[in-house]
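File shown: run36.cif (mmCIF, C-alpha atoms and all ligand atoms).
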```cif
data_start
loop_
_atom_site.label_atom_id
_atom_site.label_comp_id
_atom_site.auth_asym_id
_atom_site.auth_seq_id
_atom_site.Cartn_x
_atom_site.Cartn_y
_atom_site.Cartn_z
CA MET A 1 -2.29 2.56 -78.22
CA THR A 2 -3.11 2.57 -74.52
CA ILE A 3 -6.77 2.53 -73.50
CA ARG A 4 -7.68 5.61 -71.47
CA ILE A 5 -10.79 5.50 -69.28
CA THR A 6 -12.06 8.86 -67.97
CA PRO A 7 -15.07 9.11 -65.64
CA LEU A 8 -17.73 11.49 -66.97
CA THR A 9 -19.51 12.23 -63.68
CA GLY A 10 -19.03 11.31 -60.03
CA SER A 11 -21.80 8.72 -60.32
CA ILE A 12 -21.98 7.04 -63.69
CA GLY A 13 -20.36 6.81 -67.11
CA ALA A 14 -16.84 6.89 -68.51
CA SER A 15 -15.37 7.83 -71.86
CA VAL A 16 -12.97 5.49 -73.56
CA GLU A 17 -10.12 6.55 -75.82
CA GLY A 18 -7.28 4.64 -77.43
CA VAL A 19 -9.25 1.82 -78.98
CA SER A 20 -10.78 1.39 -82.42
CA LEU A 21 -14.08 -0.49 -82.24
CA SER A 22 -13.93 -1.52 -85.88
CA GLU A 23 -10.69 -3.47 -85.37
CA PRO A 24 -10.45 -6.91 -83.75
CA LEU A 25 -10.42 -6.68 -79.96
CA THR A 26 -7.56 -8.52 -78.24
CA ASP A 27 -8.30 -10.49 -75.05
CA GLU A 28 -6.28 -7.98 -73.05
CA ARG A 29 -8.29 -5.01 -74.38
CA PHE A 30 -11.55 -6.85 -73.87
CA GLU A 31 -10.58 -7.43 -70.22
CA GLN A 32 -9.76 -3.73 -69.75
CA LEU A 33 -13.05 -2.63 -71.32
CA SER A 34 -15.07 -5.20 -69.37
CA LYS A 35 -13.56 -4.05 -66.09
CA ALA A 36 -14.31 -0.40 -66.92
CA PHE A 37 -17.82 -1.31 -68.03
CA LEU A 38 -18.64 -3.11 -64.79
CA GLN A 39 -17.25 -0.19 -62.79
CA HIS A 40 -18.83 2.73 -64.68
CA CYS A 41 -22.01 1.05 -66.09
CA VAL A 42 -21.97 3.23 -69.25
CA LEU A 43 -19.05 3.50 -71.69
CA VAL A 44 -18.86 6.26 -74.31
CA PHE A 45 -16.70 5.93 -77.42
CA ARG A 46 -16.41 9.09 -79.53
CA GLU A 47 -15.52 9.13 -83.24
CA GLN A 48 -16.24 5.46 -83.88
CA PRO A 49 -18.48 5.41 -86.96
CA LEU A 50 -19.68 1.82 -87.19
CA LYS A 51 -21.50 -0.14 -89.85
CA PRO A 52 -23.98 -2.68 -88.43
CA ALA A 53 -21.59 -5.61 -89.06
CA ALA A 54 -18.78 -3.92 -87.12
CA GLN A 55 -21.12 -2.97 -84.28
CA LEU A 56 -22.22 -6.60 -84.02
CA ASP A 57 -18.64 -7.92 -84.16
CA PHE A 58 -17.66 -5.62 -81.30
CA ILE A 59 -20.59 -6.18 -78.95
CA ARG A 60 -20.67 -9.96 -79.50
CA HIS A 61 -17.57 -10.10 -77.27
CA TRP A 62 -20.01 -9.55 -74.38
CA GLY A 63 -22.74 -11.98 -75.42
CA GLU A 64 -25.47 -13.04 -77.78
CA PRO A 65 -27.67 -10.42 -79.55
CA VAL A 66 -31.43 -10.67 -78.99
CA VAL A 67 -34.30 -8.43 -80.10
CA PRO A 68 -37.23 -7.97 -77.70
CA ALA A 69 -40.41 -9.09 -79.53
CA LEU A 70 -42.07 -5.67 -79.38
CA LEU A 71 -39.18 -4.17 -81.38
CA SER A 72 -39.05 -6.79 -84.13
CA LYS A 73 -40.68 -4.42 -86.65
CA LEU A 74 -37.64 -2.13 -86.34
CA ARG A 75 -35.03 -4.74 -87.34
CA LEU A 76 -32.67 -4.16 -90.26
CA ASP A 77 -33.39 -6.62 -93.09
CA GLU A 78 -29.76 -7.49 -93.63
CA TYR A 79 -28.81 -7.56 -89.94
CA PRO A 80 -31.91 -8.68 -88.00
CA GLU A 81 -30.04 -8.44 -84.68
CA VAL A 82 -29.82 -4.67 -85.22
CA VAL A 83 -32.82 -2.43 -84.53
CA GLN A 84 -33.07 1.10 -85.91
CA ILE A 85 -34.25 3.80 -83.52
CA ARG A 86 -35.76 6.48 -85.74
CA THR A 87 -37.53 9.79 -85.15
CA ALA A 88 -41.13 9.29 -84.07
CA PRO A 89 -43.73 11.78 -82.87
CA LYS A 90 -43.14 12.83 -79.27
CA GLU A 91 -46.57 11.62 -78.18
CA LEU A 92 -45.75 8.11 -79.42
CA ILE A 93 -42.24 7.80 -78.07
CA SER A 94 -41.98 5.18 -75.30
CA THR A 95 -38.42 5.96 -74.26
CA GLU A 96 -38.98 9.49 -72.95
CA ALA A 97 -39.33 8.11 -69.44
CA TRP A 98 -36.79 6.45 -67.15
CA HIS A 99 -36.73 2.76 -67.93
CA TYR A 100 -34.77 -0.44 -68.07
CA ASP A 101 -34.83 -2.24 -71.41
CA ALA A 102 -37.55 -4.90 -71.54
CA PRO A 103 -38.21 -5.59 -67.83
CA HIS A 104 -41.61 -6.85 -69.03
CA THR A 105 -39.87 -10.00 -70.33
CA PRO A 106 -38.85 -13.01 -68.21
CA VAL A 107 -35.19 -12.59 -69.21
CA PRO A 108 -34.45 -8.89 -69.86
CA PRO A 109 -31.39 -8.05 -71.98
CA LYS A 110 -28.17 -7.45 -70.05
CA ILE A 111 -26.40 -4.93 -72.27
CA THR A 112 -27.46 -2.43 -74.94
CA MET A 113 -25.24 -0.69 -77.47
CA LEU A 114 -26.16 2.32 -79.63
CA SER A 115 -24.28 3.63 -82.63
CA ALA A 116 -25.23 7.18 -83.70
CA GLN A 117 -25.83 7.47 -87.46
CA VAL A 118 -27.77 10.76 -87.70
CA VAL A 119 -28.25 13.18 -84.81
CA PRO A 120 -30.35 16.35 -84.52
CA VAL A 121 -29.66 19.31 -82.25
CA GLY A 122 -30.90 17.87 -78.96
CA GLY A 123 -32.07 14.28 -78.61
CA ASP A 124 -29.72 13.60 -75.67
CA THR A 125 -29.96 10.37 -73.69
CA MET A 126 -29.54 10.17 -69.90
CA TRP A 127 -28.57 7.27 -67.64
CA CYS A 128 -28.89 6.84 -63.88
CA ASN A 129 -26.92 4.53 -61.61
CA GLN A 130 -29.24 2.04 -59.89
CA TYR A 131 -26.47 0.65 -57.65
CA LEU A 132 -26.10 4.11 -56.13
CA ALA A 133 -29.88 4.54 -55.98
CA TYR A 134 -29.89 1.46 -53.76
CA ASP A 135 -26.72 2.30 -51.79
CA ARG A 136 -28.02 5.79 -50.97
CA LEU A 137 -31.12 4.45 -49.22
CA THR A 138 -31.02 4.07 -45.46
CA PRO A 139 -30.36 0.54 -44.12
CA VAL A 140 -33.92 0.55 -42.78
CA MET A 141 -35.38 1.20 -46.23
CA GLN A 142 -32.98 -1.30 -47.84
CA ARG A 143 -34.19 -4.01 -45.45
CA MET A 144 -37.81 -3.09 -46.18
CA LEU A 145 -37.32 -3.55 -49.93
CA GLN A 146 -35.69 -7.00 -49.69
CA GLY A 147 -38.01 -9.66 -51.06
CA LEU A 148 -40.42 -7.23 -52.74
CA ARG A 149 -41.40 -8.11 -56.30
CA VAL A 150 -42.41 -5.59 -58.96
CA HIS A 151 -44.96 -6.12 -61.70
CA PHE A 152 -43.65 -4.61 -64.96
CA ARG A 153 -45.90 -4.14 -68.00
CA ALA A 154 -44.76 -2.73 -71.38
CA VAL A 155 -47.54 -0.16 -71.56
CA ARG A 156 -45.58 2.69 -73.15
CA LEU A 157 -43.71 0.50 -75.65
CA ALA A 158 -46.88 -1.35 -76.66
CA ARG A 159 -48.65 1.99 -77.20
CA SER A 160 -45.79 3.23 -79.42
CA GLN A 161 -45.88 0.03 -81.49
CA GLY A 162 -49.68 -0.12 -81.83
CA VAL A 163 -50.06 -3.34 -79.79
CA CYS A 164 -53.59 -3.92 -78.47
CA GLU A 165 -54.23 -3.72 -74.72
CA SER A 166 -54.80 -7.47 -74.25
CA ASP A 167 -51.43 -8.37 -75.84
CA VAL A 168 -49.22 -6.13 -73.68
CA PRO A 169 -46.53 -8.37 -72.13
CA SER A 170 -45.70 -8.29 -68.44
CA ALA A 171 -43.36 -9.94 -65.92
CA VAL A 172 -42.65 -9.89 -62.21
CA HIS A 173 -39.08 -9.36 -60.95
CA PRO A 174 -37.31 -8.58 -57.63
CA MET A 175 -37.23 -4.89 -56.77
CA VAL A 176 -33.66 -5.26 -55.57
CA ARG A 177 -31.61 -7.34 -57.97
CA THR A 178 -28.07 -8.60 -57.51
CA HIS A 179 -25.76 -8.10 -60.46
CA PRO A 180 -24.48 -11.53 -61.49
CA GLU A 181 -20.95 -10.27 -62.23
CA THR A 182 -20.29 -7.59 -59.60
CA GLY A 183 -22.45 -9.02 -56.80
CA ARG A 184 -23.74 -5.48 -56.11
CA LYS A 185 -27.40 -4.73 -55.44
CA ALA A 186 -29.36 -2.41 -57.75
CA LEU A 187 -32.88 -1.01 -57.57
CA TYR A 188 -35.06 -2.50 -60.31
CA ILE A 189 -38.02 -0.16 -60.92
CA GLY A 190 -39.31 2.08 -63.72
CA HIS A 191 -41.69 4.79 -64.87
CA PRO A 192 -45.12 4.60 -63.20
CA ASP A 193 -46.78 3.90 -66.59
CA ASN A 194 -44.81 0.65 -66.86
CA VAL A 195 -44.84 -0.47 -63.25
CA MET A 196 -48.21 -1.89 -62.27
CA GLY A 197 -47.49 -2.45 -58.61
CA ILE A 198 -45.76 -4.53 -55.98
CA GLU A 199 -46.80 -8.13 -55.45
CA GLY A 200 -49.06 -8.52 -52.40
CA MET A 201 -49.50 -4.77 -51.83
CA THR A 202 -52.49 -2.57 -52.58
CA GLU A 203 -52.13 0.27 -55.06
CA ALA A 204 -52.44 2.73 -52.16
CA GLU A 205 -49.52 1.05 -50.38
CA ALA A 206 -47.31 0.49 -53.44
CA ARG A 207 -47.67 3.69 -55.45
CA PRO A 208 -46.12 6.19 -52.99
CA LEU A 209 -43.16 3.85 -52.49
CA LEU A 210 -42.68 3.35 -56.25
CA ASN A 211 -42.96 7.09 -56.86
CA PHE A 212 -40.42 7.85 -54.15
CA LEU A 213 -37.94 5.28 -55.53
CA TYR A 214 -38.37 6.61 -59.07
CA GLU A 215 -37.66 10.19 -58.01
CA HIS A 216 -34.83 9.13 -55.72
CA SER A 217 -33.17 7.16 -58.56
CA THR A 218 -33.28 9.99 -61.05
CA LEU A 219 -31.95 12.88 -58.95
CA PRO A 220 -29.44 15.08 -60.81
CA ASP A 221 -26.48 13.76 -58.80
CA ASN A 222 -27.10 10.23 -60.09
CA ILE A 223 -27.14 10.98 -63.82
CA TYR A 224 -24.96 11.16 -66.92
CA ARG A 225 -26.47 13.08 -69.87
CA HIS A 226 -25.00 12.28 -73.26
CA MET A 227 -25.09 14.82 -76.10
CA TRP A 228 -24.85 12.69 -79.22
CA ARG A 229 -22.48 13.30 -82.13
CA VAL A 230 -22.51 11.30 -85.34
CA GLY A 231 -20.07 8.43 -84.92
CA ASP A 232 -20.61 8.00 -81.16
CA ALA A 233 -20.91 4.46 -79.87
CA LEU A 234 -22.18 3.86 -76.38
CA MET A 235 -22.88 0.74 -74.33
CA TRP A 236 -24.70 0.38 -71.02
CA ASP A 237 -25.40 -2.24 -68.42
CA ASN A 238 -29.13 -2.89 -68.32
CA ARG A 239 -28.86 -4.68 -64.97
CA CYS A 240 -27.89 -1.58 -62.98
CA THR A 241 -28.94 1.51 -64.98
CA MET A 242 -32.12 3.14 -66.24
CA HIS A 243 -32.10 5.51 -69.20
CA TYR A 244 -34.26 8.30 -70.66
CA ALA A 245 -34.29 9.55 -74.27
CA VAL A 246 -35.01 13.29 -74.37
CA HIS A 247 -37.36 14.22 -77.26
CA ASP A 248 -36.74 17.92 -77.89
CA TYR A 249 -35.97 17.76 -81.64
CA GLY A 250 -39.43 17.92 -83.25
CA ASN A 251 -39.45 15.92 -86.45
CA HIS A 252 -35.75 16.34 -87.20
CA GLU A 253 -33.97 13.17 -88.17
CA ARG A 254 -32.40 11.06 -85.43
CA LEU A 255 -31.15 7.58 -86.25
CA LEU A 256 -29.34 5.21 -83.90
CA ASN A 257 -28.53 1.55 -84.50
CA ARG A 258 -29.19 -0.53 -81.43
CA VAL A 259 -28.12 -4.02 -80.36
CA THR A 260 -29.19 -5.72 -77.13
CA LEU A 261 -27.61 -8.81 -75.60
CA LYS A 262 -29.33 -11.73 -73.95
CA GLY A 263 -29.37 -11.37 -70.17
CA GLU A 264 -30.22 -13.45 -67.13
CA VAL A 265 -33.38 -13.90 -65.04
CA PRO A 266 -33.13 -11.04 -62.48
CA ALA A 267 -32.42 -12.43 -59.01
C1 LIG B 301 -33.62 3.25 -75.85
O1 LIG B 301 -34.33 3.46 -74.90
O2 LIG B 301 -33.08 2.17 -76.02
C2 LIG B 301 -33.37 4.36 -76.87
C3 LIG B 301 -32.47 5.39 -76.35
C4 LIG B 301 -32.41 6.59 -77.24
O3 LIG B 301 -33.20 6.71 -78.20
O4 LIG B 301 -31.57 7.45 -76.99
#
```

Just give me the structure of the file as structure tokens.
Amino acid sequence: MTIRITPLTGSIGASVEGVSLSEPLTDERFEQLSKAFLQHCVLVFREQPLKPAAQLDFIRHWGEPVVPALLSKLRLDEYPEVVQIRTAPKELISTEAWHYDAPHTPVPPKITMLSAQVVPVGGDTMWCNQYLAYDRLTPVMQRMLQGLRVHFRAVRLARSQGVCESDVPSAVHPMVRTHPETGRKALYIGHPDNVMGIEGMTEAEARPLLNFLYEHSTLPDNIYRHMWRVGDALMWDNRCTMHYAVHDYGNHERLLNRVTLKGEVPA
């Protein structure tokens, strides 16, 4: 079988055909997938029903699984590196906002993989390309952002997991980060609930800039929207994309198995 990579939009995402994720991955196929992953930031594999063990075997080619502390309650007993994303009330869901995974930690995960077990009508997930969000700024704005540092705090996630206010974790990272493998620059920001401010700036100075960058990043021409089917597997690069889980399915069942891989300190 030949691997076929087909872009899904002009900005982000590609579908992959001609590979079975539950079979051992040869070095040659891993190289092809890695190249496509770095280029398209999100890879979609249809009709790949995966048990947790097979999901782990596949994604371990890219690195070491880790579970952010705030999600440890959602781990599978038998496979503690796998977290189950289950239906929760809309008002409690933390992921219905554009976000990177765990920027409130000193070393945010580099890659996330989801495997769709049960899907409702709706419940799509969207991704935006943060390389392009950076590239599409004017050189003047790009220069202005160099050296700025953003204070991330896991407010939404902590709320959804019942963590008390004083225990909400936070971290400070560069607003423009350089991808360690591609060398490209990406905007590192997030939803206003989770971004407390910019180091050394007042709220009045920082908030309009953060709001502008958030809106600019998530314009329709920078997005791939995935309509889940049971058996879909999808991986994304958490160093250059944000994502948003649409909650339009009431209390219908939605179950995705999720694995994240250890990343690097953003620089
Ligand atoms: C996540 O933010 O990792 C979850 C995405 C989803 O539920 O679609």

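The spacing separating atom CA of A:Glu205 from atom CA of A:Val140 amounts to 17.4 Å.
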
Return as a PyMOL selection string the residues of protein, DNA or RNA that approach ligand LIG 301 (chain B) to within 8 Å, with all atoms listed in the file taken into account. chain A and resi 85-86+94-96+99-101+112+114+123-126+243-246+256+258

Save out the residues we just selected, C-alpha atoms, as a PDB file, keeping the file's coordinate frame.
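out.pdb, freshly written:
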```
ATOM      1  CA  ILE A  85     -34.250   3.800 -83.520  1.00  0.00           C
ATOM      2  CA  ARG A  86     -35.760   6.480 -85.740  1.00  0.00           C
ATOM      3  CA  SER A  94     -41.980   5.180 -75.300  1.00  0.00           C
ATOM      4  CA  THR A  95     -38.420   5.960 -74.260  1.00  0.00           C
ATOM      5  CA  GLU A  96     -38.980   9.490 -72.950  1.00  0.00           C
ATOM      6  CA  HIS A  99     -36.730   2.760 -67.930  1.00  0.00           C
ATOM      7  CA  TYR A 100     -34.770  -0.440 -68.070  1.00  0.00           C
ATOM      8  CA  ASP A 101     -34.830  -2.240 -71.410  1.00  0.00           C
ATOM      9  CA  THR A 112     -27.460  -2.430 -74.940  1.00  0.00           C
ATOM     10  CA  LEU A 114     -26.160   2.320 -79.630  1.00  0.00           C
ATOM     11  CA  GLY A 123     -32.070  14.280 -78.610  1.00  0.00           C
ATOM     12  CA  ASP A 124     -29.720  13.600 -75.670  1.00  0.00           C
ATOM     13  CA  THR A 125     -29.960  10.370 -73.690  1.00  0.00           C
ATOM     14  CA  MET A 126     -29.540  10.170 -69.900  1.00  0.00           C
ATOM     15  CA  HIS A 243     -32.100   5.510 -69.200  1.00  0.00           C
ATOM     16  CA  TYR A 244     -34.260   8.300 -70.660  1.00  0.00           C
ATOM     17  CA  ALA A 245     -34.290   9.550 -74.270  1.00  0.00           C
ATOM     18  CA  VAL A 246     -35.010  13.290 -74.370  1.00  0.00           C
ATOM     19  CA  LEU A 256     -29.340   5.210 -83.900  1.00  0.00           C
ATOM     20  CA  ARG A 258     -29.190  -0.530 -81.430  1.00  0.00           C
TER      21      ARG A 258
END
```

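From atom CA of A:Leu33 back to atom CA of A:Trp127, the distance works out to 18.8 Å.
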
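Residues lying within 8 Å of (-35.7, 4.6, -65.1). Counted over all atoms listed in the file, they are Ala97, Trp98, His99, Tyr100, Cys128, Ile189, Gly190, His191, Tyr214, Ser217, Thr218, Thr241, Met242, His243 and Tyr244 of chain A.
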
What's around stretch 168-179 of chain A at 8 Å? Count only C-alpha atoms, leave out sequence neighbours fewer than 5 positions away in its own chain, and write the answer as a VMD selection string. chain A and resid 103 to 106 134 145 to 155 158 163 184 to 189 239 to 240 266 to 267

Please complete stretch 128-141 of chain A so it has N, CA and C atoms, and hand it over as a CSV table (one decimal), keeping the file's coordinate frame.
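Output below, filename part27.csv:
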```
chain,number,residue,atom,x,y,z
A,128,CYS,N,-29.1,6.7,-65.3
A,128,CYS,CA,-28.9,6.8,-63.9
A,128,CYS,C,-28.3,5.5,-63.3
A,129,ASN,N,-27.6,5.7,-62.2
A,129,ASN,CA,-26.9,4.5,-61.6
A,129,ASN,C,-27.8,3.9,-60.5
A,130,GLN,N,-28.3,2.7,-60.8
A,130,GLN,CA,-29.2,2.0,-59.9
A,130,GLN,C,-28.5,1.3,-58.8
A,131,TYR,N,-27.2,1.1,-58.8
A,131,TYR,CA,-26.5,0.6,-57.6
A,131,TYR,C,-26.5,1.8,-56.6
A,132,LEU,N,-26.2,3.0,-57.1
A,132,LEU,CA,-26.1,4.1,-56.1
A,132,LEU,C,-27.5,4.4,-55.6
A,133,ALA,N,-28.5,4.3,-56.5
A,133,ALA,CA,-29.9,4.5,-56.0
A,133,ALA,C,-30.2,3.6,-54.8
A,134,TYR,N,-29.7,2.4,-54.9
A,134,TYR,CA,-29.9,1.5,-53.8
A,134,TYR,C,-29.0,1.8,-52.6
A,135,ASP,N,-27.7,2.0,-52.9
A,135,ASP,CA,-26.7,2.3,-51.8
A,135,ASP,C,-27.1,3.5,-51.0
A,136,ARG,N,-27.7,4.5,-51.6
A,136,ARG,CA,-28.0,5.8,-51.0
A,136,ARG,C,-29.3,5.7,-50.1
A,137,LEU,N,-30.0,4.6,-50.1
A,137,LEU,CA,-31.1,4.4,-49.2
A,137,LEU,C,-30.6,4.1,-47.8
A,138,THR,N,-31.4,4.4,-46.8
A,138,THR,CA,-31.0,4.1,-45.5
A,138,THR,C,-31.1,2.5,-45.3
A,139,PRO,N,-30.3,2.0,-44.4
A,139,PRO,CA,-30.4,0.5,-44.1
A,139,PRO,C,-31.8,0.1,-43.8
A,140,VAL,N,-32.5,0.9,-43.1
A,140,VAL,CA,-33.9,0.6,-42.8
A,140,VAL,C,-34.7,0.4,-44.1
A,141,MET,N,-34.6,1.3,-45.0
A,141,MET,CA,-35.4,1.2,-46.2
A,141,MET,C,-34.9,0.0,-47.1
```
